[in-house]
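Student: Here you go, one structure.
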Amino acid sequence: MSDIYTHGHHESVLRSHAWRTAGNSAAYLLGELHPGQRLLDVGCGPGTITLDLARRVAPGQVIGIDAEPDVLRGADELRRRQGIDNVTFEPGDAYGLAYDDDSFDIINLHQVLQHLTDPVRAMIELRRVLAPGGVLAYAGRHRGARAHGPLPGDAARWFRSLTTLRSRDDSTRVEFVGKRR
Ligand SMILES: C[S@@+](CC[C@H](N)C(=O)[O-])C[C@H]1O[C@@H](n2cnc3c(N)ncnc32)[C@H](O)[C@@H]1O
């Protein structure tokens with residue numbers, strides 16, 4: 001079962017998330033992206049980062065999932081308006097994914113793990129659907145539910161068990177990019 005996402009999806013929350021693009025929020029991942037990759041964006045929310053990532057891996061197929069189906073309607077409407085045809089938005093739970101093993105070359109989570117009570121359990125499930133050699137990337141802020149601070153110790157250790165390509169874990173932002181062995 002999923003956790004309760006305390007921020008909710010009020011219009012004001014969505015507005016603050018929807019200015020995000022891959023360029024201004026997911027620069028940690030851009031160097032790993034290539035046309036044709038299969039990409040999963042977990043906890044995609046309004047989908048602005050997802051759509052931007054999709055342009056960079058087209059014609060690769062992209063799936064954006066979120067535990068809250070309502071937010072996906074807006075994401076899909078934006079997708080339609082932007083004429084992007086390599087993305088589907090689907091309800092989904094990071095703790096239990098409806099995809100086969102090794103389904104994705106890239107998995108991105110932006111500002112998601114701090115909302116999960118058991119981030120390690122979610123990452124074990126994400127690793128299952130990540131192809132060998134695939135890249136798992138995360139960025140967020142931590143301390144309590146919403147501010148700054150290090151990723152919880154077990155989660156940081158888990159990330160380091162991948163081949164770590166880049167990591168930054170300081171008082172302002174946590175970023176991990178790792179490759180599955
Ligand atoms: C802070 S928002 C980030 C949205 C988007 N990634 C961005 O940065 O613009 C966190 C999102 O994670 C989703 N979420 C929370 N728990 C989840 C879970 N277990 N599985 C999938 N999505 C989840 C929430 O519904 C919310 O849309």
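Convention: chains lettered A, B, ... in structure tokens order; per-chain residue numbering from 1; ligands numbered from 1 as shown.
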Find the nearest atom pair between each residue of chain A and ligand 1 for residues within 7 Å, count only C-alpha atoms and all ligand atoms, give distances in Å to one decimal, sort rows by chain and ascending number, and present the table as CSV.
Tutor:
```
residue,atom,partner,partner_atom_place_in_ligand_line,distance
A:Ser2,CA,ligand 1,19 (N),4.7
A:Asp3,CA,ligand 1,16 (N),5.9
A:Tyr5,CA,ligand 1,15 (C),5.2
A:His17,CA,ligand 1,9 (O),4.4
A:Ala18,CA,ligand 1,9 (O),6.0
A:Arg20,CA,ligand 1,9 (O),5.9
A:Val42,CA,ligand 1,21 (C),5.7
A:Gly43,CA,ligand 1,22 (N),3.6
A:Cys44,CA,ligand 1,6 (N),4.0
A:Gly45,CA,ligand 1,27 (O),3.6
A:Pro46,CA,ligand 1,9 (O),6.1
A:Gly47,CA,ligand 1,9 (O),6.5
A:Thr48,CA,ligand 1,9 (O),6.6
A:Ile49,CA,ligand 1,9 (O),6.3
A:Ile65,CA,ligand 1,21 (C),6.2
A:Asp66,CA,ligand 1,22 (N),3.9
A:Ala67,CA,ligand 1,22 (N),4.1
A:Glu68,CA,ligand 1,25 (O),4.8
A:Val71,CA,ligand 1,27 (O),6.9
A:Gly92,CA,ligand 1,21 (C),5.6
A:Asp93,CA,ligand 1,20 (N),3.6
A:Ala94,CA,ligand 1,20 (N),3.9
A:Tyr95,CA,ligand 1,19 (N),5.9
A:Leu109,CA,ligand 1,6 (N),6.1
A:His110,CA,ligand 1,6 (N),4.3
A:Gln111,CA,ligand 1,3 (C),4.9
A:Val112,CA,ligand 1,10 (C),4.6
A:His115,CA,ligand 1,15 (C),5.9
A:Leu116,CA,ligand 1,16 (N),6.0
```
Student: Please produce, as JSON lines, a per-residue contact table for range 123-179 of chain A versus range 98-101 of chain A (criterion: any atom at most 8 Å away, only C-alpha atoms considered), showing the nearest atom pair and its distance in Å to one decimal, sorted by chain then residue number.
Tutor:
```
{"residue": "A:Arg128", "atom": "CA", "partner": "A:Asp101", "partner_atom": "CA", "distance": 5.3}
{"residue": "A:Val129", "atom": "CA", "partner": "A:Asp101", "partner_atom": "CA", "distance": 4.3}
{"residue": "A:Leu130", "atom": "CA", "partner": "A:Asp101", "partner_atom": "CA", "distance": 6.9}
{"residue": "A:Ala131", "atom": "CA", "partner": "A:Asp101", "partner_atom": "CA", "distance": 7.4}
```
Student: Could those residues be written to a file, using C-alpha atoms, as a CSV table (one decimal), in the first residue's frame?
Tutor:
```
chain,number,residue,atom,x,y,z
A,128,ARG,CA,14.0,-5.1,-10.4
A,129,VAL,CA,12.6,-3.2,-13.4
A,130,LEU,CA,15.9,-1.5,-14.3
A,131,ALA,CA,17.9,-3.4,-17.0
```
Student: So that I can check the secondary structure, give me every residue of range 66-176 of chain A assigned alpha helix (DSSP H) by backbone DSSP, as a VMD selection string.
Tutor: chain A and resid 69 to 82 119 to 129 153 to 160
Student: Restricting it to C-alpha atoms, dump the selection as a compact mmCIF listing (two decimals), in the first residue's frame.
Tutor:
```txt
# COMPACT_ATOMS: atom_id res chain seq x y z
CA PRO A 69 -4.39 9.30 -10.75
CA ASP A 70 -5.93 12.82 -10.77
CA VAL A 71 -2.58 14.55 -11.31
CA LEU A 72 -1.99 12.38 -14.37
CA ARG A 73 -4.96 13.81 -16.23
CA GLY A 74 -3.29 17.23 -16.32
CA ALA A 75 0.01 15.64 -17.29
CA ASP A 76 -1.59 13.85 -20.21
CA GLU A 77 -3.39 17.00 -21.32
CA LEU A 78 -0.05 18.82 -21.37
CA ARG A 79 1.47 15.92 -23.33
CA ARG A 80 -1.31 16.21 -25.90
CA ARG A 81 -0.91 20.00 -26.20
CA GLN A 82 2.82 19.64 -26.72
CA PRO A 119 12.49 4.32 0.37
CA VAL A 120 14.71 1.25 0.39
CA ARG A 121 11.77 -1.05 -0.32
CA ALA A 122 10.79 1.18 -3.24
CA MET A 123 14.32 1.20 -4.62
CA ILE A 124 14.58 -2.59 -4.48
CA GLU A 125 11.44 -2.71 -6.61
CA LEU A 126 12.86 -0.07 -8.98
CA ARG A 127 16.05 -2.06 -9.37
CA ARG A 128 13.97 -5.08 -10.42
CA VAL A 129 12.58 -3.23 -13.45
CA GLY A 153 21.31 6.28 5.85
CA ASP A 154 19.91 3.00 4.51
CA ALA A 155 18.74 4.64 1.32
CA ALA A 156 22.08 6.35 0.75
CA ARG A 157 23.91 3.08 1.38
CA TRP A 158 21.54 1.32 -1.01
CA PHE A 159 22.29 3.83 -3.72
CA ARG A 160 26.01 3.41 -3.23
```
Student: Give me every strand (DSSP E or B) residue in range 60-142 of chain A, going by DSSP on the backbone, as a PyMOL selection string.
Tutor: chain A and resi 62-66+87-91+93+96+104-110+130-140
Student: Can I get the residues of range 91-127 of chain A within 8 Å of range 22-38 of chain A, each with the closest pair of atoms and their distance in Å to one decimal, using only C-alpha atoms, sorted chain first then ascending number, as CSV?
Tutor:
```
residue,atom,partner,partner_atom,distance
A:Ser103,CA,A:Arg38,CA,7.5
A:Phe104,CA,A:Arg38,CA,5.0
A:Asp105,CA,A:Arg38,CA,5.2
A:Ile106,CA,A:Arg38,CA,6.4
A:His110,CA,A:Ala26,CA,7.5
```
Student: Can you work out which one of A:Gly140, A:Arg166, A:Val135, A:Pro152 has the shortest atom-to-atom distance to Arg181 in chain A, counting only C-alpha atoms?
Tutor: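 Checking each candidate against Arg181 in chain A, we get A:Val135 as the closest.
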Student: With only C-alpha atoms as the atoms that count, which of A:Thr50, A:Glu11, A:Gly134, A:Gln114 lies nearest to Arg173 in chain A?
Tutor: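 Nearest to Arg173 in chain A: A:Gln114.
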Student: Figure out the distance between CA of Arg141 in chain A and CA of Ala58 in chain A, please, to one decimal in Å.
Tutor: 29.1 Å
Student: To one decimal place in Å, what is the distance between CA of Ser167 in chain A and CA of Gln61 in chain A?
Tutor: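 Distance reported for this atom pair: 26.5 Å.
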